[in-house]
Amino acid sequence: MASLGAKVLQTRSVELAMAKNVPVRVLSSFVEPGEAPGQGTVVCDEEEIMEKRIVSGVAYSRDEAKISLFGLPDHPGISSEIFGALADANVNVDMIVQSHARTADTANMEFTVGKRDAARTVDIIRAAQPKIGFDDVQVNEDVSKVSVIGVGMRSHTGVAKTMFSALAEKGVNIQVISTSEIKISVLIDAAYTELAVRALHAAYGLDQL
């Protein structure tokens, strides 16, 4: 959740705790002097959790920009050229999706980077255009990434269906989808961020905690 936009924990602190198998207790900083901070939330190894929730949290990030490439040559080595150039420039790429274009032997590609890297990414891509041979590149910074996270996803079905149904009922259009063993992330219009987060909290019963 920290890596997907949740603001409470710094990502590196969670990585160190995981590497050393150290439980982390998260407490509220909004307490009066002398007042007990309460139980808080314990971040620990999943094997220590007796009753696992399928989805344990919803996170979002507004620090996203979507890069769209149109008319890419559809042959081996193109993705390596694109993402190799970005890696050399220390640009971190997140969500990636590729689809066939209408023209034969061409493809379209969309991926996300941090907003601060958006302009530089477009410059790098345009500089490589003569070598790669795509038609056009566009950038959209008015997007957000919303993610549902939970270790229970590994052994339960229907998580994606619930997510997509909840967003569809609220009229939220999904632009890009990325999945892993314990999370599903979608890219949506930034204007729908709060609506999407509230809908997903309700869909997974997290608003009752």
# chains A, B, ... in the order shown; residues from 1 in each chain; ligands from 1

$ closest_atom_pairs --of "stretch 97-208 of chain A" --to "stretch 78-93 of chain A" --cutoff "9 Å" --atoms "only C-alpha atoms" --output "tab-separated table"
residue	atom	partner	partner_atom	distance
A:Phe111	CA	A:Val93	CA	6.9
A:Thr112	CA	A:Val93	CA	5.9
A:Val113	CA	A:Val93	CA	5.0
A:Gly114	CA	A:Asn92	CA	7.5
A:Asp117	CA	A:Val91	CA	6.7
A:Arg120	CA	A:Val91	CA	8.6
A:Thr121	CA	A:Leu86	CA	7.0
A:Ile124	CA	A:Leu86	CA	7.1
A:Ile125	CA	A:Ile82	CA	7.1
A:Ala128	CA	A:Ile82	CA	7.9
A:Lys131	CA	A:Glu81	CA	8.8
A:Ile132	CA	A:Ile78	CA	6.7

$ closest_residue --among "A:Arg25, A:Lys183, A:His75, A:Arg62" --to "A:Met153" --atoms "only C-alpha atoms"
A:Lys183

$ closest_residue --among "A:Ile188, A:Val42, A:Ala202, A:Ala104" --to "A:Val14" --atoms "only C-alpha atoms"
A:Val42

$ closest_residue --among "A:Val197, A:Ile96, A:Ile149, A:Leu206" --to "A:Ser178" --atoms "only C-alpha atoms"
A:Ile96

$ residues_around --residues "A:Val122" --least-positions-apart "4" --cutoff "9 Å" --atoms "only C-alpha atoms" --output "mmCIF file with C-alpha atoms, in the first residue's frame"
data_model
loop_
_atom_site.group_PDB
_atom_site.id
_atom_site.type_symbol
_atom_site.label_atom_id
_atom_site.label_comp_id
_atom_site.auth_asym_id
_atom_site.auth_seq_id
_atom_site.Cartn_x
_atom_site.Cartn_y
_atom_site.Cartn_z
ATOM 1 C CA ILE A 67 2.121 8.147 -22.113
ATOM 2 C CA ASP A 117 9.037 12.720 -15.460
ATOM 3 C CA ALA A 118 6.251 13.204 -18.035
ATOM 4 C CA ARG A 126 10.526 11.840 -29.560
ATOM 5 C CA ALA A 127 14.318 11.791 -29.792
ATOM 6 C CA VAL A 137 3.155 10.189 -28.796
ATOM 7 C CA GLN A 138 0.687 11.812 -26.407
ATOM 8 C CA VAL A 139 0.719 12.516 -22.653
#

$ residues_around --residues "stretch 164-169 of chain A" --least-positions-apart "5" --cutoff "12 Å" --atoms "only C-alpha atoms" --output "PyMOL selection string"
chain A and resi 146-148+158-159+174-175+177+184-189+192-204

$ write_last_selection --atoms "C-alpha atoms" --output "PDB file, in the first residue's frame"
ATOM      1  CA  VAL A 146      -6.361   3.321  -7.738  1.00  0.00           C
ATOM      2  CA  SER A 147      -5.339  -0.038  -6.273  1.00  0.00           C
ATOM      3  CA  VAL A 148      -6.885  -2.760  -4.137  1.00  0.00           C
ATOM      4  CA  GLY A 158     -13.870 -12.768  -7.814  1.00  0.00           C
ATOM      5  CA  VAL A 159     -11.729  -9.870  -6.540  1.00  0.00           C
ATOM      6  CA  ILE A 174     -10.886   2.206 -16.679  1.00  0.00           C
ATOM      7  CA  GLN A 175      -8.043   3.244 -18.982  1.00  0.00           C
ATOM      8  CA  ILE A 177      -5.205  -2.314 -15.777  1.00  0.00           C
ATOM      9  CA  ILE A 184      -5.010  -4.895  -8.842  1.00  0.00           C
ATOM     10  CA  SER A 185      -4.379  -1.346 -10.063  1.00  0.00           C
ATOM     11  CA  VAL A 186      -6.441   0.673 -12.526  1.00  0.00           C
ATOM     12  CA  LEU A 187      -5.783   4.012 -14.167  1.00  0.00           C
ATOM     13  CA  ILE A 188      -8.790   6.339 -14.235  1.00  0.00           C
ATOM     14  CA  ASP A 189      -9.671   9.979 -14.861  1.00  0.00           C
ATOM     15  CA  TYR A 192     -13.241  10.230 -10.287  1.00  0.00           C
ATOM     16  CA  THR A 193     -10.548   9.392  -7.713  1.00  0.00           C
ATOM     17  CA  GLU A 194     -12.549   9.979  -4.513  1.00  0.00           C
ATOM     18  CA  LEU A 195     -15.670   8.371  -5.981  1.00  0.00           C
ATOM     19  CA  ALA A 196     -13.702   5.270  -6.989  1.00  0.00           C
ATOM     20  CA  VAL A 197     -11.996   4.947  -3.599  1.00  0.00           C
ATOM     21  CA  ARG A 198     -15.306   5.249  -1.709  1.00  0.00           C
ATOM     22  CA  ALA A 199     -16.986   2.735  -4.026  1.00  0.00           C
ATOM     23  CA  LEU A 200     -14.205   0.178  -3.535  1.00  0.00           C
ATOM     24  CA  HIS A 201     -14.167   0.627   0.236  1.00  0.00           C
ATOM     25  CA  ALA A 202     -17.885  -0.144   0.241  1.00  0.00           C
ATOM     26  CA  ALA A 203     -17.600  -3.043  -2.226  1.00  0.00           C
ATOM     27  CA  TYR A 204     -15.055  -4.879  -0.056  1.00  0.00           C
TER      28      TYR A 204
END

$ decode --residues "stretch 126-187 of chain A" --atoms "C-alpha atoms" --output "mmCIF file, in the first residue's frame"
data_model
loop_
_atom_site.group_PDB
_atom_site.id
_atom_site.type_symbol
_atom_site.label_atom_id
_atom_site.label_comp_id
_atom_site.auth_asym_id
_atom_site.auth_seq_id
_atom_site.Cartn_x
_atom_site.Cartn_y
_atom_site.Cartn_z
ATOM 1 C CA ARG A 126 10.526 11.840 -29.560
ATOM 2 C CA ALA A 127 14.318 11.791 -29.792
ATOM 3 C CA ALA A 128 14.136 8.051 -30.458
ATOM 4 C CA GLN A 129 11.336 8.371 -33.028
ATOM 5 C CA PRO A 130 13.595 8.141 -36.118
ATOM 6 C CA LYS A 131 15.075 4.891 -34.785
ATOM 7 C CA ILE A 132 11.840 3.357 -33.478
ATOM 8 C CA GLY A 133 9.509 4.601 -36.205
ATOM 9 C CA PHE A 134 6.212 5.243 -34.391
ATOM 10 C CA ASP A 135 3.526 7.669 -35.612
ATOM 11 C CA ASP A 136 2.767 9.828 -32.572
ATOM 12 C CA VAL A 137 3.155 10.189 -28.796
ATOM 13 C CA GLN A 138 0.687 11.812 -26.407
ATOM 14 C CA VAL A 139 0.719 12.516 -22.653
ATOM 15 C CA ASN A 140 -2.193 12.776 -20.217
ATOM 16 C CA GLU A 141 -1.470 14.027 -16.685
ATOM 17 C CA ASP A 142 -5.128 14.161 -15.626
ATOM 18 C CA VAL A 143 -5.178 10.562 -14.378
ATOM 19 C CA SER A 144 -4.983 8.688 -11.073
ATOM 20 C CA LYS A 145 -4.022 5.142 -10.129
ATOM 21 C CA VAL A 146 -6.361 3.321 -7.738
ATOM 22 C CA SER A 147 -5.339 -0.038 -6.273
ATOM 23 C CA VAL A 148 -6.885 -2.760 -4.137
ATOM 24 C CA ILE A 149 -4.420 -4.796 -2.102
ATOM 25 C CA GLY A 150 -4.651 -8.018 -0.108
ATOM 26 C CA VAL A 151 -2.790 -11.282 0.436
ATOM 27 C CA GLY A 152 -6.127 -13.100 0.259
ATOM 28 C CA MET A 153 -6.257 -12.502 -3.486
ATOM 29 C CA ARG A 154 -3.844 -15.365 -3.992
ATOM 30 C CA SER A 155 -6.409 -17.941 -2.893
ATOM 31 C CA HIS A 156 -9.786 -16.306 -3.638
ATOM 32 C CA THR A 157 -11.557 -15.625 -6.926
ATOM 33 C CA GLY A 158 -13.870 -12.768 -7.814
ATOM 34 C CA VAL A 159 -11.729 -9.870 -6.540
ATOM 35 C CA ALA A 160 -11.326 -8.333 -9.990
ATOM 36 C CA LYS A 161 -15.018 -8.834 -10.797
ATOM 37 C CA THR A 162 -16.026 -6.986 -7.623
ATOM 38 C CA MET A 163 -13.632 -4.139 -8.391
ATOM 39 C CA PHE A 164 -14.710 -3.675 -11.992
ATOM 40 C CA SER A 165 -18.418 -3.972 -11.149
ATOM 41 C CA ALA A 166 -18.152 -1.384 -8.367
ATOM 42 C CA LEU A 167 -16.424 1.087 -10.681
ATOM 43 C CA ALA A 168 -18.837 0.429 -13.544
ATOM 44 C CA GLU A 169 -21.852 1.087 -11.287
ATOM 45 C CA LYS A 170 -20.409 4.535 -10.527
ATOM 46 C CA GLY A 171 -19.667 5.278 -14.179
ATOM 47 C CA VAL A 172 -15.883 5.184 -13.715
ATOM 48 C CA ASN A 173 -14.072 4.288 -16.934
ATOM 49 C CA ILE A 174 -10.886 2.206 -16.679
ATOM 50 C CA GLN A 175 -8.043 3.244 -18.982
ATOM 51 C CA VAL A 176 -5.269 0.804 -17.996
ATOM 52 C CA ILE A 177 -5.205 -2.314 -15.777
ATOM 53 C CA SER A 178 -2.215 -3.822 -13.971
ATOM 54 C CA THR A 179 -2.296 -6.912 -11.752
ATOM 55 C CA SER A 180 -0.007 -8.922 -9.516
ATOM 56 C CA GLU A 181 -0.461 -11.727 -7.004
ATOM 57 C CA ILE A 182 -1.649 -9.385 -4.251
ATOM 58 C CA LYS A 183 -2.949 -6.252 -5.968
ATOM 59 C CA ILE A 184 -5.010 -4.895 -8.842
ATOM 60 C CA SER A 185 -4.379 -1.346 -10.063
ATOM 61 C CA VAL A 186 -6.441 0.673 -12.526
ATOM 62 C CA LEU A 187 -5.783 4.012 -14.167
#
